[in-house]
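Trainee: The structure's right below; bear with me while I get my questions together.
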Amino acid sequence: MDVINNLLLGLGVALQPSSLFMCFVGVLLGTLVGVLPGLGPVAAMSLLLPITYTVSPVNAIIMLAGIYYGTMYGGSTTSILLNIPGEAASVVTCLDGYQMARQGRAGAALGISAIGSFIGGTISLVGLMLLAPPLAELALKFGPPEMFSLMILGLVLLTFLAGDSMPKALCMAAFGIFLGCIGSDILSGMERFTFDNPVLVDGVGLAPVAMGLFGISEVLLNLEIVLRREVFKTDLKGLLPNAKDLRDTTWPILRASVIGFFLGILPGGGGVLASFTSYAVEKKLSRHPERFGHGAIEGVAGPETANNAGAGGAFIPLLTLGLPSNAVMAILLGTMLIHGMQPGPMLITQHPELFWGAVTSMYIGNAMLLVLNLPLIGLWVKILTIPYRFLFPLILFFCLVGAYSLNNSTAEMVIMLIFGIVGYFLRKFSYPLAPAILALVLGPMLEKSLRQSLLMSAGDAMTFVERPISLTMIVLSAVLLISSGMPALKRKREELTQASDNL
Amino acid sequence: MAQVRASTKEEHPLASAVLLAFGLAVAYGGLHYGWGSLDSPGAGFVPFFAGAAMAGFSAITLVQSLVKGWHPLAQRWAGAKWQRALITIICLVLYSVFLRDLGFPIATFVLAVYLYRMLTPSGWGETLLAAMLTTLGLYLMFQVWLEVQLPKGSLAFAAVQHLAVGVLLEA
């Protein structure tokens, strides 16, 4: 009964014309970003962050969330037609999707991808609705030591999956924590690392750092290389899969929905891990695993369903614990903080309209995406042919003007450009950026939790291991850190990151 | 299709050395701000440990690169048109510096012309049209729709731009 009442509350918010409009803008932009290689969801959300300052908090979250799961839909188009993944979670779709296109079955591949994404997204939202409230209740038992340990676990998990070098990923996490320390200390008010520059007194904002690290650096790197794209010319008739396709993909889609949802919940999880795992599972369970890699429709349906289900699951730690599970969620967390909202266990009770409004708008957004992705496939294919020389100036201008609009100041533009250069060099030397952004967002909260814990315990560091929940998370973090050195696991992580880096 | 991007998986000591030095500087800064004590951590407590962690992990990657050996630094830019990236970033910095004086429309138009001609120079007509549409589109989106106060430039530039924008909108 509660769930129904909450859904009705959420619908009351999500069906407002302004919310519907922002949802539509978000999923449209997300699909566009997913379709166009060279700009992932993190960069796109970073570019649009300044725009969200002018709308209400719930509409800001609705739009940014729409971009996130929209990119999962759009990413499959380039994977299938170009053999270039539009974003990291669609990497594995290239394996069988492109082969299906070569066999004249691009329409079926695109169709099952959209249908699977819709089902995966919807199932994960049901899971979100059912799991989030009890999880939030559990999180109410968390004190500062538990919050600190949870954030450490989140950072360690993300670094575990972020790159093939744990020391590099952990170095970036520490860098992000340092960035979060710039500005006035929250407890004492002392200015740290400002060098008497008034611009830095409030710290380096998430928006210019994210736009610089992800947006500007991506463009700079793309300018250096020769990007040649040939859209596979194929007949796109028959977007709806036939009866055999539906029979073959029913169980893969259902399995992928569950796999994706639970993997998405894990801090450090999300679409990439979900899609790879689903592909591996389907290949293992298939009676004809030799078909995989040669146009097996299950190899498209499973990963595409899983990455959307993972996107839904990834909202759970953010909305219930206030812990972003990946860089995208870190951007959402930053947005909520900027709007004066504190994500965490109290969010559902203090701002039910935000939580349920966002959840119900995701249902609506998934339906919009199904409509956008099937009939408008021809349009997306045409967009694929837009030369990069027209796209990259637009990306740069969005970054520049967006940064300026934050405070009507060119100082933010300069900060963004500095981080653009930093991001360029970090990527040249294979340093992962996601841990830095996550740590930038978590850093101030982590510091506050740590200092509160030590104050409460009169300096006794054992407080983190004497409390069972905190101890569990610290042990898990330690296990992950130690296991990262194990050869077999190291190989698996390298395979994951290598595929992602092939973007 | 072909996608050319330099593979840079192997470690290089330069990056590790820079981050190691940076981490040590941050840790020193943390000490400067006051470590406090365990029962009353000061403003420098977390920065010290963040800097120490950066230095520590960078030291690990530095040792790894020294043990495994490394390819010449130039190999990371082999086959890459790095001059484009360099010129672009210089242009963006100049844009930031001169934006307030020139005003948004002029600065944006000039930069757009350059950027649209950078990768594959097309006809001037096409370039100027694309630059004009970009400037107008951004102006409408940010100034008109989002009500961001974009810089108008010094008096003379502001008057010219006001006139130009008015004519375009009337058209």
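Scheme for the structure tokens: letters A, B, ... for chains in order shown; per-chain residue numbers from 1; ligand numbers from 1 in order shown.
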Mind listing as a VMD selection string which residues of chain B are within 7 Å of chain A, counting only C-alpha atoms?
Mentor: chain B and resid 1 to 5 8 to 9 15 38 to 41 43 46 to 47 50 53 to 54 57 to 58 60 to 61 76 80 to 82 84 to 85 96 112 115 to 116 119 146 148 to 149
Trainee: Determine which residues of chain B DSSP labels as alpha helix (DSSP H) from the backbone of this structure, then write them out as an MDAnalysis selection string.
Mentor: chainID B and resid 13:33 45:68 82:102 104:118 124:138 155:170
Trainee: State, in Å with one decimal place, the distance from CA of Val371 in chain A to CA of Leu8 in chain A.
Mentor: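 CA of Leu8 in chain A lies at a distance of 23.6 Å from CA of Val371 in chain A.
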Trainee: What lies within 12 Å of Gly116 in chain A using only C-alpha atoms, ignoring chain neighbours under 2 positions off, as a tab-separated table (two decimals) with N, CA and C atoms, in the first residue's frame?
Mentor:
chain	number	residue	atom	x	y	z
A	72	MET	N	22.86	4.55	-22.34
A	72	MET	CA	22.91	3.09	-22.44
A	72	MET	C	22.13	2.63	-23.69
A	73	TYR	N	20.98	3.30	-23.96
A	73	TYR	CA	20.21	2.97	-25.16
A	73	TYR	C	20.99	3.35	-26.42
A	76	SER	N	24.28	1.44	-28.05
A	76	SER	CA	24.18	0.22	-28.84
A	76	SER	C	24.15	0.52	-30.34
A	108	ALA	N	17.10	-6.20	-36.51
A	108	ALA	CA	16.76	-7.09	-35.38
A	108	ALA	C	17.66	-6.81	-34.19
A	109	ALA	N	18.94	-6.54	-34.46
A	109	ALA	CA	19.88	-6.25	-33.36
A	109	ALA	C	19.49	-4.98	-32.63
A	110	LEU	N	19.19	-3.94	-33.42
A	110	LEU	CA	18.81	-2.66	-32.81
A	110	LEU	C	17.49	-2.80	-32.06
A	111	GLY	N	16.57	-3.55	-32.66
A	111	GLY	CA	15.27	-3.72	-32.03
A	111	GLY	C	15.35	-4.47	-30.71
A	112	ILE	N	16.06	-5.60	-30.71
A	112	ILE	CA	16.14	-6.38	-29.46
A	112	ILE	C	16.93	-5.62	-28.41
A	113	SER	N	17.88	-4.81	-28.86
A	113	SER	CA	18.66	-3.99	-27.94
A	113	SER	C	17.74	-3.00	-27.23
A	114	ALA	N	16.88	-2.34	-27.98
A	114	ALA	CA	15.95	-1.36	-27.38
A	114	ALA	C	14.95	-2.04	-26.46
A	118	PHE	N	14.68	-1.67	-22.38
A	118	PHE	CA	13.44	-1.23	-21.72
A	118	PHE	C	13.07	-2.18	-20.59
A	119	ILE	N	13.14	-3.49	-20.89
A	119	ILE	CA	12.75	-4.47	-19.86
A	119	ILE	C	13.73	-4.42	-18.69
A	120	GLY	N	15.03	-4.37	-19.01
A	120	GLY	CA	16.05	-4.31	-17.95
A	120	GLY	C	15.90	-3.07	-17.10
A	121	GLY	N	15.68	-1.94	-17.76
A	121	GLY	CA	15.51	-0.69	-17.03
A	121	GLY	C	14.28	-0.72	-16.13
A	122	THR	N	13.19	-1.29	-16.65
A	122	THR	CA	11.94	-1.33	-15.87
A	122	THR	C	12.08	-2.25	-14.67
A	123	ILE	N	12.65	-3.44	-14.88
A	123	ILE	CA	12.82	-4.38	-13.77
A	123	ILE	C	13.72	-3.78	-12.69
A	240	LEU	N	11.47	-4.88	-35.53
A	240	LEU	CA	10.93	-5.74	-34.49
A	240	LEU	C	11.49	-7.15	-34.70
A	241	PRO	N	12.03	-7.73	-33.63
A	241	PRO	CA	12.57	-9.09	-33.77
A	241	PRO	C	11.44	-10.06	-34.11
A	245	ASP	N	13.57	-14.90	-32.58
A	245	ASP	CA	14.45	-14.00	-31.83
A	245	ASP	C	13.92	-13.79	-30.42
A	246	LEU	N	12.61	-13.59	-30.31
A	246	LEU	CA	12.02	-13.35	-28.99
A	246	LEU	C	12.15	-14.57	-28.11
A	249	THR	N	15.73	-14.94	-26.86
A	249	THR	CA	16.26	-13.88	-25.99
A	249	THR	C	15.46	-13.69	-24.71
A	250	THR	N	14.37	-14.44	-24.53
A	250	THR	CA	13.53	-14.23	-23.33
A	250	THR	C	14.35	-14.47	-22.05
A	251	TRP	N	14.94	-15.66	-21.94
A	251	TRP	CA	15.69	-15.95	-20.72
A	251	TRP	C	16.95	-15.11	-20.57
A	252	PRO	N	17.71	-14.88	-21.65
A	252	PRO	CA	18.85	-13.96	-21.51
A	252	PRO	C	18.45	-12.59	-20.98
A	253	ILE	N	17.33	-12.06	-21.46
A	253	ILE	CA	16.90	-10.74	-21.00
A	253	ILE	C	16.55	-10.78	-19.51
A	254	LEU	N	15.82	-11.82	-19.12
A	254	LEU	CA	15.42	-11.89	-17.71
A	254	LEU	C	16.63	-12.08	-16.80
A	255	ARG	N	17.55	-12.95	-17.24
A	255	ARG	CA	18.76	-13.16	-16.43
A	255	ARG	C	19.58	-11.88	-16.35
A	256	ALA	N	19.72	-11.23	-17.48
A	256	ALA	CA	20.53	-10.01	-17.53
A	256	ALA	C	19.94	-8.91	-16.67
A	257	SER	N	18.63	-8.87	-16.57
A	257	SER	CA	17.98	-7.84	-15.73
A	257	SER	C	18.41	-8.01	-14.28
A	260	GLY	N	22.34	-7.50	-13.96
A	260	GLY	CA	22.67	-6.08	-14.10
A	260	GLY	C	22.27	-5.28	-12.88
A	297	ILE	N	22.21	-13.49	-31.27
A	297	ILE	CA	21.35	-12.40	-30.78
A	297	ILE	C	21.35	-12.32	-29.26
A	298	GLU	N	21.61	-13.47	-28.61
A	298	GLU	CA	21.70	-13.44	-27.14
A	298	GLU	C	22.87	-12.58	-26.68
A	299	GLY	N	23.90	-12.53	-27.52
A	299	GLY	CA	25.09	-11.73	-27.21
A	299	GLY	C	24.84	-10.23	-27.29
A	300	VAL	N	23.71	-9.85	-27.87
A	300	VAL	CA	23.29	-8.43	-27.91
A	300	VAL	C	22.26	-8.18	-26.82
A	301	ALA	N	21.29	-9.09	-26.76
A	301	ALA	CA	20.18	-8.89	-25.82
A	301	ALA	C	20.67	-8.85	-24.37
A	302	GLY	N	21.52	-9.80	-24.00
A	302	GLY	CA	21.98	-9.89	-22.61
A	302	GLY	C	22.72	-8.64	-22.15
A	303	PRO	N	23.83	-8.28	-22.80
A	303	PRO	CA	24.59	-7.11	-22.36
A	303	PRO	C	23.79	-5.81	-22.39
A	304	GLU	N	22.99	-5.61	-23.43
A	304	GLU	CA	22.25	-4.35	-23.51
A	304	GLU	C	21.19	-4.27	-22.42
A	305	THR	N	20.60	-5.41	-22.07
A	305	THR	CA	19.65	-5.42	-20.96
A	305	THR	C	20.37	-5.15	-19.65
A	306	ALA	N	21.52	-5.82	-19.49
A	306	ALA	CA	22.26	-5.72	-18.23
A	306	ALA	C	22.76	-4.31	-17.99
A	307	ASN	N	23.21	-3.61	-19.04
A	307	ASN	CA	23.77	-2.29	-18.76
A	307	ASN	C	22.69	-1.30	-18.34
A	308	ASN	N	21.48	-1.49	-18.89
A	308	ASN	CA	20.39	-0.62	-18.43
A	308	ASN	C	19.92	-0.98	-17.03
A	309	ALA	N	19.88	-2.29	-16.75
A	309	ALA	CA	19.49	-2.70	-15.40
A	309	ALA	C	20.53	-2.22	-14.40
A	366	ASN	N	12.13	5.56	-19.59
A	366	ASN	CA	12.37	4.30	-20.29
A	366	ASN	C	11.37	4.10	-21.43
A	369	LEU	N	12.29	6.34	-24.23
A	369	LEU	CA	13.47	5.85	-24.95
A	369	LEU	C	13.10	4.74	-25.93
A	370	LEU	N	12.17	3.90	-25.53
A	370	LEU	CA	11.73	2.83	-26.45
A	370	LEU	C	11.12	3.47	-27.70
A	373	ASN	N	13.99	5.24	-29.73
A	373	ASN	CA	15.04	4.43	-30.33
A	373	ASN	C	14.57	3.56	-31.48
Trainee: In Å to one decimal, how far is CA of Ala434 in chain A from CA of Lys68 in chain B?
Mentor: 26.3 Å
Trainee: I need the residues of chain B that end up classed as strand (DSSP E) by DSSP on the backbone, written out as a PDB file with C-alpha atoms, in the first residue's frame.
Mentor:
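part-v1.pdb written:
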ATOM      1  CA  GLY B  36      46.171  18.495  15.278  1.00  0.00           C
ATOM      2  CA  SER B  37      45.977  15.326  17.310  1.00  0.00           C
ATOM      3  CA  SER B  40      41.166  16.633  17.764  1.00  0.00           C
ATOM      4  CA  PRO B  41      42.253  16.361  14.132  1.00  0.00           C
TER       5      PRO B  41
END
Trainee: Mind checking which residues fall within 12 Å of Met336 in chain A, counting only C-alpha atoms, ignoring those fewer than 2 positions away in the same chain, and posting them as a PyMOL selection string?
Mentor: chain A and resi 49+52-53+55-62+64-65+206+318-319+322+324+329-334+338-344+347+351+354-355+441
Trainee: May I have the selected residues written with N, CA and C atoms, as a short mmCIF file (atom, residue, chain, number, x, y, z; two decimals), in the first residue's frame?
Mentor:
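This went into selection.cif:
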data_model
loop_
_atom_site.label_atom_id
_atom_site.label_comp_id
_atom_site.auth_asym_id
_atom_site.auth_seq_id
_atom_site.Cartn_x
_atom_site.Cartn_y
_atom_site.Cartn_z
N LEU A 49 25.83 20.36 -16.38
CA LEU A 49 25.68 20.71 -14.96
C LEU A 49 25.26 22.15 -14.75
N THR A 52 21.64 22.82 -15.00
CA THR A 52 20.76 22.31 -13.94
C THR A 52 20.63 23.28 -12.78
N TYR A 53 21.53 24.27 -12.70
CA TYR A 53 21.43 25.22 -11.60
C TYR A 53 20.19 26.11 -11.73
N VAL A 55 17.21 25.12 -12.76
CA VAL A 55 15.94 24.42 -12.62
C VAL A 55 15.83 23.88 -11.20
N SER A 56 14.67 23.33 -10.88
CA SER A 56 14.46 22.82 -9.52
C SER A 56 15.31 21.57 -9.31
N PRO A 57 15.58 21.21 -8.05
CA PRO A 57 16.43 20.04 -7.79
C PRO A 57 15.87 18.76 -8.42
N VAL A 58 14.56 18.55 -8.29
CA VAL A 58 14.03 17.29 -8.81
C VAL A 58 14.14 17.25 -10.33
N ASN A 59 13.92 18.39 -11.00
CA ASN A 59 14.07 18.41 -12.46
C ASN A 59 15.52 18.24 -12.88
N ALA A 60 16.43 18.76 -12.09
CA ALA A 60 17.86 18.59 -12.39
C ALA A 60 18.22 17.10 -12.35
N ILE A 61 17.75 16.42 -11.31
CA ILE A 61 18.05 14.99 -11.18
C ILE A 61 17.37 14.20 -12.29
N ILE A 62 16.13 14.57 -12.60
CA ILE A 62 15.40 13.87 -13.67
C ILE A 62 16.16 13.98 -14.99
N LEU A 64 19.45 14.75 -15.54
CA LEU A 64 20.76 14.09 -15.52
C LEU A 64 20.61 12.56 -15.50
N ALA A 65 19.61 12.07 -14.76
CA ALA A 65 19.38 10.62 -14.74
C ALA A 65 18.98 10.14 -16.13
N LEU A 206 32.84 21.09 -8.56
CA LEU A 206 32.75 19.81 -9.28
C LEU A 206 32.61 20.06 -10.79
N LEU A 318 23.34 5.56 -4.05
CA LEU A 318 23.32 7.02 -4.02
C LEU A 318 22.13 7.54 -3.24
N LEU A 319 20.95 7.04 -3.57
CA LEU A 319 19.74 7.61 -3.00
C LEU A 319 19.48 7.14 -1.57
N GLY A 322 23.69 7.73 0.18
CA GLY A 322 24.45 8.94 -0.15
C GLY A 322 25.83 8.59 -0.68
N PRO A 324 27.92 7.49 -3.95
CA PRO A 324 27.87 7.27 -5.40
C PRO A 324 28.69 6.05 -5.77
N MET A 329 27.29 8.70 -10.88
CA MET A 329 26.54 8.94 -9.63
C MET A 329 27.21 10.04 -8.81
N ALA A 330 28.54 10.14 -8.94
CA ALA A 330 29.25 11.20 -8.23
C ALA A 330 28.78 12.57 -8.73
N ILE A 331 28.57 12.69 -10.03
CA ILE A 331 28.09 13.95 -10.61
C ILE A 331 26.68 14.22 -10.07
N LEU A 332 25.85 13.19 -10.01
CA LEU A 332 24.48 13.37 -9.49
C LEU A 332 24.52 13.79 -8.03
N LEU A 333 25.41 13.16 -7.27
CA LEU A 333 25.55 13.52 -5.86
C LEU A 333 25.95 14.98 -5.73
N GLY A 334 26.95 15.37 -6.53
CA GLY A 334 27.39 16.76 -6.50
C GLY A 334 26.25 17.72 -6.82
N ILE A 338 24.73 20.64 -4.44
CA ILE A 338 24.68 22.04 -4.88
C ILE A 338 23.28 22.60 -4.70
N HIS A 339 22.28 21.75 -4.85
CA HIS A 339 20.89 22.20 -4.68
C HIS A 339 20.44 22.14 -3.22
N GLY A 340 21.38 21.86 -2.33
CA GLY A 340 21.05 21.86 -0.90
C GLY A 340 20.41 20.58 -0.40
N MET A 341 20.49 19.51 -1.19
CA MET A 341 19.91 18.23 -0.74
C MET A 341 21.04 17.36 -0.21
N GLN A 342 20.79 16.63 0.85
CA GLN A 342 21.78 15.70 1.37
C GLN A 342 21.32 14.29 1.06
N PRO A 343 21.88 13.66 0.03
CA PRO A 343 21.48 12.28 -0.26
C PRO A 343 21.88 11.39 0.90
N GLY A 344 21.09 10.40 1.15
CA GLY A 344 21.39 9.49 2.25
C GLY A 344 20.10 8.90 2.77
N LEU A 347 16.92 11.01 2.91
CA LEU A 347 16.40 11.64 1.70
C LEU A 347 14.96 11.21 1.43
N HIS A 351 12.70 14.29 1.69
CA HIS A 351 12.34 14.78 0.34
C HIS A 351 11.70 13.65 -0.46
N LEU A 354 11.31 14.17 -4.19
CA LEU A 354 12.49 14.05 -5.03
C LEU A 354 12.75 12.59 -5.35
N PHE A 355 12.72 11.75 -4.31
CA PHE A 355 13.04 10.33 -4.52
C PHE A 355 12.00 9.68 -5.43
N VAL A 441 34.11 14.35 -4.83
CA VAL A 441 32.77 14.50 -4.27
C VAL A 441 32.69 13.92 -2.86
#
